[in-house]
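Peer 1: Contents of input_28.txt (compact mmCIF, C-alpha atoms) are given next:
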# COMPACT_ATOMS: atom_id res chain seq x y z
CA MET X 1 -13.02 -39.90 -28.47
CA SER X 2 -10.66 -40.31 -25.59
CA GLY X 3 -7.94 -38.49 -27.57
CA LEU X 4 -10.23 -35.57 -28.17
CA GLY X 5 -11.27 -35.59 -24.55
CA GLY X 6 -7.63 -35.64 -23.50
CA ARG X 7 -6.88 -32.65 -25.70
CA ARG X 8 -9.82 -30.79 -24.21
CA TRP X 9 -8.54 -31.32 -20.73
CA TRP X 10 -5.09 -30.27 -21.82
CA VAL X 11 -6.52 -27.02 -23.19
CA LEU X 12 -8.48 -26.52 -19.98
CA ALA X 13 -5.35 -27.07 -17.94
CA ALA X 14 -3.52 -24.59 -20.15
CA ILE X 15 -6.20 -21.95 -19.55
CA LEU X 16 -6.02 -22.46 -15.82
CA GLY X 17 -2.26 -22.60 -15.99
CA LEU X 18 -2.12 -19.21 -17.71
CA GLY X 19 -3.95 -17.73 -14.80
CA VAL X 20 -1.60 -19.01 -12.13
CA PRO X 21 1.58 -17.23 -13.21
CA ALA X 22 -0.38 -14.02 -13.75
CA CYS X 23 -1.66 -14.25 -10.20
CA ALA X 24 1.69 -15.31 -8.82
CA GLY X 25 3.23 -12.17 -10.28
CA GLY X 26 0.66 -10.08 -8.48
CA SER X 27 1.48 -11.53 -5.10
CA ALA X 28 5.10 -10.43 -5.06
CA SER X 29 5.71 -8.30 -2.00
CA GLY X 30 6.92 -5.07 -3.58
CA LEU X 31 7.25 -2.28 -1.07
CA ARG X 32 5.26 0.94 -1.34
CA LEU X 33 5.56 4.07 0.72
CA LEU X 34 2.61 6.34 1.39
CA VAL X 35 3.48 9.78 2.65
CA ILE X 36 0.45 11.36 4.27
CA ASP X 37 0.04 15.02 5.25
CA LEU X 38 3.11 16.31 3.44
CA PRO X 39 2.63 18.40 0.27
CA TYR X 40 3.52 16.53 -2.91
CA GLN X 41 6.31 18.91 -3.86
CA ARG X 42 8.11 18.18 -0.59
CA VAL X 43 7.99 14.45 -1.23
CA TRP X 44 9.22 14.93 -4.79
CA ASP X 45 12.12 17.06 -3.59
CA ALA X 46 12.98 14.48 -0.93
CA ALA X 47 13.01 11.71 -3.53
CA LEU X 48 15.34 13.73 -5.77
CA ARG X 49 17.73 14.32 -2.89
CA ALA X 50 17.62 10.68 -1.83
CA VAL X 51 18.76 9.34 -5.20
CA ALA X 52 21.09 12.18 -6.18
CA GLU X 53 24.19 10.08 -5.70
CA TYR X 54 22.98 7.66 -8.36
CA GLY X 55 23.02 10.48 -10.90
CA VAL X 56 19.57 11.49 -12.07
CA THR X 57 19.14 11.11 -15.82
CA ARG X 58 15.47 12.07 -16.03
CA ALA X 59 13.08 13.70 -13.60
CA GLY X 60 9.60 14.74 -14.53
CA ASP X 61 5.96 13.71 -14.60
CA GLY X 62 6.38 11.96 -11.28
CA VAL X 63 9.16 9.68 -12.45
CA ILE X 64 12.84 9.82 -11.55
CA GLU X 65 15.31 7.67 -13.46
CA THR X 66 18.92 7.32 -12.43
CA GLY X 67 22.08 6.29 -14.13
CA ARG X 68 23.72 2.89 -13.75
CA VAL X 69 25.78 2.71 -10.60
CA GLU X 70 28.14 -0.11 -9.74
CA ARG X 71 28.80 -1.30 -6.23
CA ALA X 72 30.55 -4.18 -4.50
CA ALA X 73 28.48 -7.30 -4.03
CA ARG X 74 26.96 -7.78 -0.58
CA PRO X 75 27.72 -10.92 1.42
CA ASP X 76 24.30 -12.32 0.51
CA GLU X 77 25.13 -11.90 -3.19
CA SER X 78 27.64 -14.69 -3.28
CA GLY X 79 29.24 -15.54 -6.61
CA LEU X 80 29.01 -12.00 -7.91
CA GLU X 81 32.04 -9.82 -8.38
CA ARG X 82 30.13 -6.56 -8.80
CA VAL X 83 26.53 -5.39 -8.93
CA ALA X 84 25.18 -2.55 -11.06
CA GLU X 85 21.84 -0.88 -10.39
CA ARG X 86 19.61 1.61 -12.09
CA LEU X 87 16.60 3.04 -10.25
CA THR X 88 13.18 4.16 -11.36
CA VAL X 89 11.36 6.04 -8.60
CA ARG X 90 7.69 6.84 -9.08
CA VAL X 91 6.27 9.64 -6.95
CA GLN X 92 2.54 9.78 -7.49
CA PRO X 93 0.02 12.13 -5.90
CA VAL X 94 -2.88 9.79 -5.13
CA ALA X 95 -5.09 12.05 -3.01
CA ASP X 96 -5.02 15.36 -1.21
CA ARG X 97 -1.73 15.32 0.69
CA VAL X 98 -1.24 11.63 0.04
CA THR X 99 1.72 10.59 -2.11
CA ARG X 100 2.67 7.07 -3.11
CA VAL X 101 6.33 6.29 -3.74
CA THR X 102 7.59 3.12 -5.37
CA VAL X 103 11.10 2.11 -6.33
CA GLU X 104 11.99 -0.26 -9.12
CA VAL X 105 15.53 -1.56 -9.29
CA GLN X 106 17.04 -2.88 -12.49
CA ALA X 107 20.06 -4.83 -11.40
CA GLU X 108 22.88 -6.70 -13.11
CA GLY X 109 25.56 -8.85 -11.58
CA LEU X 110 29.10 -9.45 -12.80
CA ARG X 111 29.86 -13.15 -12.71
CA GLY X 112 32.84 -14.71 -14.41
CA GLY X 113 33.52 -11.51 -16.29
CA ARG X 114 30.02 -11.28 -17.74
CA TRP X 115 27.11 -9.06 -16.73
CA GLU X 116 23.83 -10.87 -16.25
CA PRO X 117 20.42 -9.58 -15.21
CA LEU X 118 19.41 -10.04 -11.58
CA PRO X 119 15.92 -10.11 -10.13
CA GLY X 120 14.62 -6.85 -8.64
CA ASP X 121 16.59 -6.03 -5.54
CA GLY X 122 14.33 -5.75 -2.49
CA PRO X 123 16.99 -4.57 -0.03
CA THR X 124 18.07 -1.77 -2.35
CA ALA X 125 14.47 -0.64 -2.89
CA ALA X 126 13.85 -0.67 0.86
CA ALA X 127 17.02 1.31 1.51
CA VAL X 128 16.09 3.92 -1.08
CA LEU X 129 12.60 4.29 0.44
CA ALA X 130 14.18 4.74 3.87
CA ARG X 131 16.43 7.45 2.46
CA ILE X 132 13.49 9.23 0.89
CA ARG X 133 11.71 9.13 4.23
CA ALA X 134 14.78 10.53 5.97
CA ALA X 135 15.17 13.23 3.33
CA GLU X 136 11.69 14.58 4.08
CA SER X 137 12.81 16.00 7.39
CA MET M 1 -22.52 -30.83 -30.93
CA ARG M 2 -23.50 -31.57 -27.43
CA GLY M 3 -19.89 -32.36 -26.61
CA ARG M 4 -18.76 -29.03 -28.00
CA ALA M 5 -21.41 -27.21 -26.07
CA SER M 6 -20.30 -28.91 -22.87
CA TRP M 7 -16.70 -28.12 -23.67
CA GLY M 8 -17.60 -24.48 -24.23
CA ALA M 9 -19.30 -24.41 -20.87
CA ILE M 10 -16.24 -25.87 -19.18
CA VAL M 11 -13.92 -23.32 -20.77
CA GLY M 12 -16.30 -20.52 -19.90
CA ALA M 13 -16.58 -21.72 -16.35
CA ALA M 14 -12.82 -21.96 -16.04
CA ALA M 15 -12.40 -18.40 -17.30
CA ALA M 16 -15.09 -17.20 -14.90
CA VAL M 17 -13.41 -18.97 -11.99
CA LEU M 18 -10.15 -17.21 -12.80
CA LEU M 19 -11.83 -13.82 -13.00
CA LEU M 20 -13.88 -14.25 -9.88
CA ALA M 21 -11.06 -15.74 -7.87
CA GLY M 22 -9.25 -12.44 -8.20
CA CYS M 23 -5.80 -13.97 -8.05
CA GLY M 24 -5.85 -14.91 -4.42
CA GLY M 25 -7.16 -13.27 -1.29
CA LYS M 26 -10.78 -13.02 -0.39
CA ASP M 27 -12.79 -11.07 -2.89
CA HIS M 28 -15.35 -8.74 -1.41
CA SER M 29 -15.94 -6.85 -4.64
CA GLY M 30 -19.58 -7.83 -4.49
CA SER M 31 -20.05 -6.24 -1.10
CA THR M 32 -22.24 -3.18 -0.91
CA GLY M 33 -20.74 -1.98 2.34
CA PHE M 34 -17.04 -1.36 1.70
CA GLY M 35 -17.15 1.76 -0.43
CA PHE M 36 -15.65 3.95 2.28
CA LEU M 37 -13.00 1.33 2.94
CA PHE M 38 -12.10 1.27 -0.73
CA ASP M 39 -11.95 5.05 -1.00
CA HIS M 40 -9.77 5.59 2.06
CA ASN M 41 -7.61 2.48 2.06
CA ALA M 42 -7.77 -0.17 -0.66
CA GLN M 43 -7.70 2.21 -3.63
CA PHE M 44 -4.10 3.02 -2.77
CA ASN M 45 -3.10 -0.60 -3.24
CA GLY M 46 -4.91 -1.57 -6.42
CA GLY M 47 -8.11 -2.44 -4.55
CA ARG M 48 -6.52 -4.61 -1.87
CA THR M 49 -6.78 -3.68 1.78
CA VAL M 50 -3.72 -2.43 3.65
CA ARG M 51 -3.43 -3.05 7.40
CA TRP M 52 -1.16 -4.39 10.09
CA GLY M 53 -0.99 -8.16 9.92
CA ALA M 54 -1.55 -8.69 13.63
CA VAL M 55 -2.64 -6.87 16.74
CA PRO M 56 -1.58 -5.58 19.17
CA ILE M 57 0.46 -3.17 17.12
CA THR M 58 3.70 -2.26 18.82
CA VAL M 59 4.18 1.46 19.34
CA PHE M 60 7.09 3.58 20.50
CA LEU M 61 5.77 6.88 21.79
CA GLY M 62 9.10 8.67 21.33
CA ASN M 63 9.81 9.31 24.99
CA GLY M 64 7.06 11.84 25.45
CA VAL M 65 6.32 12.82 21.87
CA ALA M 66 2.93 11.15 22.13
CA SER M 67 0.88 9.79 24.98
CA ALA M 68 -0.72 6.38 25.06
CA ASP M 69 -4.28 7.63 25.42
CA GLU M 70 -3.95 9.66 22.23
CA VAL M 71 -3.29 6.39 20.43
CA THR M 72 -5.54 3.98 22.31
CA VAL M 73 -8.57 6.11 21.53
CA TRP M 74 -8.62 4.03 18.35
CA THR M 75 -9.05 0.88 20.41
CA SER M 76 -12.29 2.16 21.87
CA GLU M 77 -13.41 3.70 18.57
CA THR M 78 -12.97 0.36 16.82
CA GLY M 79 -14.65 -1.66 19.54
CA GLY M 80 -11.38 -3.35 20.39
CA ALA M 81 -10.53 -4.37 16.82
CA VAL M 82 -7.29 -2.40 16.89
CA THR M 83 -5.11 -2.72 19.96
CA PHE M 84 -1.65 -1.46 20.84
CA SER M 85 1.33 -2.58 22.83
CA PHE M 86 3.75 0.14 23.95
CA VAL M 87 7.48 -0.46 23.89
CA GLY M 88 10.41 1.53 25.22
CA SER M 89 12.46 1.98 22.07
CA ALA M 90 12.09 2.38 18.35
CA ALA M 91 13.84 -0.90 17.72
CA GLY M 92 11.23 -3.50 17.01
CA ALA M 93 8.32 -1.07 17.15
CA GLY M 94 5.82 -1.00 14.31
CA ILE M 95 4.70 2.59 14.80
CA VAL M 96 7.36 5.08 15.84
CA PHE M 97 6.68 8.66 16.94
CA ARG M 98 9.34 11.34 16.76
CA PHE M 99 9.75 15.06 16.47
CA ARG M 100 10.47 16.97 13.31
CA SER M 101 11.58 20.54 12.89
CA GLY M 102 9.65 23.24 11.11
CA THR M 103 6.31 24.91 11.58
CA ASP M 104 4.77 24.37 8.19
CA ILE M 105 2.79 21.25 9.01
CA CYS M 106 1.49 19.69 12.22
CA GLY M 107 2.64 16.17 11.40
CA VAL M 108 3.42 13.66 8.71
CA THR M 109 3.04 9.90 8.56
CA ASN M 110 5.03 7.54 6.36
CA VAL M 111 3.37 4.16 5.93
CA LEU M 112 5.45 1.40 4.37
CA PHE M 113 3.50 -1.60 3.09
CA THR M 114 3.80 -4.55 0.78
CA GLU M 115 1.62 -4.92 -2.25
CA ASP M 116 -0.03 -7.92 -0.62
CA GLY M 117 -1.44 -5.53 1.96
CA PHE M 118 0.77 -5.76 5.04
CA ILE M 119 1.94 -2.57 6.74
CA THR M 120 5.53 -3.16 7.76
CA SER M 121 6.26 0.14 9.49
CA ALA M 122 4.78 3.54 10.17
CA ASP M 123 6.90 6.53 10.99
CA VAL M 124 5.05 9.47 12.53
CA GLN M 125 6.76 12.84 12.79
CA VAL M 126 5.10 15.71 14.59
CA SER M 127 6.33 19.29 14.43
CA ARG M 128 7.61 19.96 17.90
CA ALA M 129 6.98 23.69 17.91
CA ILE M 130 3.32 23.61 16.95
CA TYR M 131 1.76 20.17 17.19
CA ARG M 132 0.07 20.94 20.49
CA GLY M 133 -0.65 24.53 19.56
CA PRO M 134 -3.95 26.06 18.52
CA GLN M 135 -3.20 25.68 14.82
CA CYS M 136 -3.12 21.88 15.15
CA VAL M 137 -5.96 19.59 16.19
CA ARG M 138 -5.26 16.31 18.02
CA THR M 139 -2.23 15.74 15.81
CA VAL M 140 -1.13 12.50 17.44
CA THR M 141 -4.56 10.90 17.15
CA HIS M 142 -4.94 12.08 13.54
CA GLU M 143 -1.57 10.66 12.53
CA SER M 144 -2.22 7.47 14.50
CA ALA M 145 -5.23 6.80 12.30
CA HIS M 146 -3.03 7.08 9.22
CA ALA M 147 -0.51 4.75 10.84
CA ILE M 148 -3.10 2.01 11.37
CA GLY M 149 -4.61 2.20 7.89
CA PHE M 150 -6.75 5.28 7.39
CA LEU M 151 -4.67 6.31 4.41
CA ASP M 152 -6.63 9.31 3.23
CA HIS M 153 -8.57 12.32 4.45
CA THR M 154 -12.22 13.08 4.88
CA SER M 155 -14.17 16.22 4.13
CA ASP M 156 -16.85 15.78 6.78
CA GLY M 157 -15.58 18.38 9.22
CA GLY M 158 -14.12 15.77 11.56
CA LEU M 159 -10.68 14.84 12.83
CA MET M 160 -9.57 13.12 9.65
CA ASP M 161 -10.03 16.19 7.49
CA PRO M 162 -6.63 17.49 6.31
CA ASP M 163 -6.72 20.21 8.97
CA GLY M 164 -8.16 18.05 11.74
CA GLY M 165 -11.60 19.66 11.46
CA ASN M 166 -13.44 19.94 14.76
CA GLY M 167 -11.36 17.14 16.26
CA GLU M 168 -14.23 14.68 16.49
CA ILE M 169 -13.85 11.15 15.20
CA THR M 170 -16.74 10.63 12.83
CA ALA M 171 -18.71 7.40 12.60
CA PRO M 172 -17.66 6.44 9.05
CA VAL M 173 -13.99 6.65 10.00
CA ALA M 174 -14.43 4.39 13.03
CA GLN M 175 -16.56 1.98 11.00
CA MET M 176 -13.99 1.86 8.22
CA LEU M 177 -11.26 0.86 10.64
CA ARG M 178 -13.52 -1.81 12.14
CA ASP M 179 -14.23 -3.12 8.65
CA LEU M 180 -10.54 -3.01 7.76
CA TYR M 181 -9.54 -5.13 10.73
CA SER M 182 -12.38 -7.59 10.14
CA LEU M 183 -10.76 -8.53 6.82
CA ALA M 184 -7.41 -10.10 6.10
CA PRO M 185 -4.64 -7.89 4.69
CA GLY M 186 -4.81 -7.83 0.91
CA THR M 187 -8.54 -8.48 0.71
CA VAL M 188 -9.99 -7.25 -2.55
CA VAL M 189 -12.78 -4.75 -2.05
CA SER M 190 -14.64 -2.58 -4.48
CA ALA M 191 -16.75 0.52 -4.21
CA GLU M 192 -18.09 0.36 -7.71
CA ARG M 193 -21.26 -1.60 -7.16
CA ARG M 194 -22.29 0.61 -4.29
CA ARG M 195 -21.61 3.69 -6.33
CA LEU M 196 -23.73 2.38 -9.16
CA ALA M 197 -26.55 1.59 -6.79
CA GLU M 198 -26.36 5.05 -5.30
CA ARG M 199 -26.34 6.68 -8.70
CA ARG M 200 -29.31 4.77 -10.06
CA PRO M 201 -31.53 3.69 -7.20
CA GLY M 202 -33.95 0.94 -8.09
CA ARG M 203 -32.35 0.22 -11.43
CA VAL M 204 -31.33 -3.28 -12.35
CA HIS M 205 -27.77 -3.31 -13.58
CA SER M 206 -26.96 -5.87 -16.18
CA MET M 207 -23.35 -4.89 -16.69
CA THR M 208 -20.57 -7.06 -15.33
CA PHE M 209 -17.95 -5.22 -13.38
CA VAL M 210 -14.47 -6.62 -12.98
CA TYR M 211 -12.88 -4.18 -10.63
CA PRO M 212 -10.31 -3.25 -9.58
CA VAL M 213 -7.93 -3.99 -12.40
CA ARG M 214 -5.88 -7.00 -11.52
CA ARG M 215 -2.38 -7.58 -12.70
How does the structure come out when it is put into structure tokens?
Peer 2:
Amino acid sequence: MSGLGGRRWWVLAAILGLGVPACAGGSASGLRLLVIDLPYQRVWDAALRAVAEYGVTRAGDGVIETGRVERAARPDESGLERVAERLTVRVQPVADRVTRVTVEVQAEGLRGGRWEPLPGDGPTAAAVLARIRAAES
Amino acid sequence: MRGRASWGAIVGAAAAVLLLAGCGGKDHSGSTGFGFLFDHNAQFNGGRTVRWGAVPITVFLGNGVASADEVTVWTSETGGAVTFSFVGSAAGAGIVFRFRSGTDICGVTNVLFTEDGFITSADVQVSRAIYRGPQCVRTVTHESAHAIGFLDHTSDGGLMDPDGGNGEITAPVAQMLRDLYSLAPGTVVSAERRRLAERRPGRVHSMTFVYPVRR
């Protein structure tokens, strides 16, 4: 009886536990940019200009994908010899003259001669959004 | 049998708690009064409100680009819910005004925010050549509303129409901003129940709505 009860509580804990990571993922502080009062096409063009140096491999349907670009590791990326990044920029018209822009960074770091995946790079995403904003002018 | 029934109830309750909890943040999806707030703010962030985390909001007026009274009108319109502190440089300011070139638009606002609902910066550019001309209506005040969280436009003939309308701040806009700053950033709101009630007055709705979609 107690064994069965213990299993039940374990299952209950598992159910609750499944919910926590799902919620934790939703609380990550990804940056979004809303551009208000500028026509969508202008925002799209600005986004294309802002990521041009990455080499655009696909641009259409509100999504811009870039090639893989290597750069030197920043001081806060200690232990890495190089970092490579690939961007996905989503430019979505969400209302009349309101456009939402998000940047997803797929990053890899070179450590000990081997490339390994890195978590999404917040500073790079923020820098790209700033460049898009500047490119609107 | 009884034990199984109890166990089923526990599992069901646990699942319900997870759904209703909405993954953190206060859930106001059952409210009947936040439809306008959802439509003009929260819908752009998956149903979670987007606002500055604290007031007063620091503002750099761009050395004459904007005047303080064009911004502080929102303090009176919100009954003091939104206040501003003016600073002498862009560094450290939350809202920054500056000029842009061109005559195609009166102004543009870029609002940067986190997905947990905190505005981190707002950059307002007004077109120097025309923003105080007859083709533009209270541009600074219009863009200021975007910068504090009115993330959309109205179609009621008022200031927050895309073209500035008649320049008057309409009651729903002021109320929405008061509502916005009465809730914490990232608060889940929903317009769906209100919409259902409006569509079918007097009807009892038996459906369960889990909205907005949560990740």
Peer 1: Show me, as a VMD selection string, the residues that have an atom within 10 Å of Cys106 (chain M) when counting only C-alpha atoms, minus same-chain residues fewer than 3 positions from it.
Peer 2: (chain X and resid 37 to 38) or (chain M and resid 100 102 to 103 125 to 133 135 to 140 143 163 to 164)
Peer 1: Limited to C-alpha atoms, could you put the picked residues into a file as an mmCIF file, keeping the file's coordinate frame?
Peer 2:
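Printed below is result.cif as written:
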data_model
loop_
_atom_site.group_PDB
_atom_site.id
_atom_site.type_symbol
_atom_site.label_atom_id
_atom_site.label_comp_id
_atom_site.auth_asym_id
_atom_site.auth_seq_id
_atom_site.Cartn_x
_atom_site.Cartn_y
_atom_site.Cartn_z
ATOM 1 C CA ASP X 37 0.040 15.020 5.250
ATOM 2 C CA LEU X 38 3.110 16.310 3.440
ATOM 3 C CA ARG M 100 10.470 16.970 13.310
ATOM 4 C CA GLY M 102 9.650 23.240 11.110
ATOM 5 C CA THR M 103 6.310 24.910 11.580
ATOM 6 C CA GLN M 125 6.760 12.840 12.790
ATOM 7 C CA VAL M 126 5.100 15.710 14.590
ATOM 8 C CA SER M 127 6.330 19.290 14.430
ATOM 9 C CA ARG M 128 7.610 19.960 17.900
ATOM 10 C CA ALA M 129 6.980 23.690 17.910
ATOM 11 C CA ILE M 130 3.320 23.610 16.950
ATOM 12 C CA TYR M 131 1.760 20.170 17.190
ATOM 13 C CA ARG M 132 0.070 20.940 20.490
ATOM 14 C CA GLY M 133 -0.650 24.530 19.560
ATOM 15 C CA GLN M 135 -3.200 25.680 14.820
ATOM 16 C CA CYS M 136 -3.120 21.880 15.150
ATOM 17 C CA VAL M 137 -5.960 19.590 16.190
ATOM 18 C CA ARG M 138 -5.260 16.310 18.020
ATOM 19 C CA THR M 139 -2.230 15.740 15.810
ATOM 20 C CA VAL M 140 -1.130 12.500 17.440
ATOM 21 C CA GLU M 143 -1.570 10.660 12.530
ATOM 22 C CA ASP M 163 -6.720 20.210 8.970
ATOM 23 C CA GLY M 164 -8.160 18.050 11.740
#
Peer 1: Calculate how many Å separate CA of Gly55 (chain X) from CA of Asp76 (chain X), rounding to one decimal.
Peer 2: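 Straight-line distance from CA of Gly55 (chain X) to CA of Asp76 (chain X) works out to 25.5 Å.
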Peer 1: Extending 4 Å beyond the listed atoms of region 33-47 of chain X on each side, what axis-aligned box results? I want centre and edge lengths in Å to one decimal, as JSON.
Peer 2:
{"center_x": 6.5, "center_y": 11.5, "center_z": 0.2, "size_x": 21.0, "size_y": 22.8, "size_z": 18.0}
Peer 1: Should the cut-off be 6 Å, what would the residue list for chain M against chain X look like, counting all atoms listed in the file, as a ChimeraX atom specification?
Peer 2: /M:23,108-116,215
Peer 1: To one decimal place, how far is CA of Val59 (chain M) from CA of Ser89 (chain M) in Å?
Peer 2: 8.7 Å
Peer 1: If I take CA of Gly149 (chain M) and CA of Arg51 (chain M), how far is one from the other in Å, to one decimal?
Peer 2: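 Calculated distance between CA of Gly149 (chain M) and CA of Arg51 (chain M) is 5.4 Å.
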Peer 1: Go ahead and find all residues with at least one atom no further than 7 Å from (-7.7, -4.5, -4.4) in the file's coordinates, using all atoms listed in the file; report them as a PyMOL selection string.
Peer 2: chain M and resi 42-43+45-49+186-189+212
Peer 1: Using all atoms listed in the file, find all polymer residues with an atom at most 10 Å away from the point (26.1, -5.4, -5.4); report them as a VMD selection string.
Peer 2: chain X and resid 69 to 78 80 to 85 107 to 110 121 124
Peer 1: Check the smallest atom-to-atom distance from each of M:Gly167, M:Pro172, M:Gly92, M:Pro162 to Glu77 (chain M) using only C-alpha atoms, then report the winner.
Peer 2: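 Using only C-alpha atoms, Glu77 (chain M) sits closest to M:Pro172.
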Peer 1: For region 50-52 of chain X, work out the shell of residues within 7 Å, counting only C-alpha atoms and skipping chain neighbours fewer than 2 positions away, then give it as a PyMOL selection string.
Peer 2: chain X and resi 46-48+54-56+128+131-132+135
Peer 1: Write to file, as a PDB file, in the coordinates of the input, the residues of the selection just made, with C-alpha atoms.
Peer 2:
ATOM      1  CA  ALA X  46      12.980  14.480  -0.930  1.00  0.00           C
ATOM      2  CA  ALA X  47      13.010  11.710  -3.530  1.00  0.00           C
ATOM      3  CA  LEU X  48      15.340  13.730  -5.770  1.00  0.00           C
ATOM      4  CA  TYR X  54      22.980   7.660  -8.360  1.00  0.00           C
ATOM      5  CA  GLY X  55      23.020  10.480 -10.900  1.00  0.00           C
ATOM      6  CA  VAL X  56      19.570  11.490 -12.070  1.00  0.00           C
ATOM      7  CA  VAL X 128      16.090   3.920  -1.080  1.00  0.00           C
ATOM      8  CA  ARG X 131      16.430   7.450   2.460  1.00  0.00           C
ATOM      9  CA  ILE X 132      13.490   9.230   0.890  1.00  0.00           C
ATOM     10  CA  ALA X 135      15.170  13.230   3.330  1.00  0.00           C
TER      11      ALA X 135
END
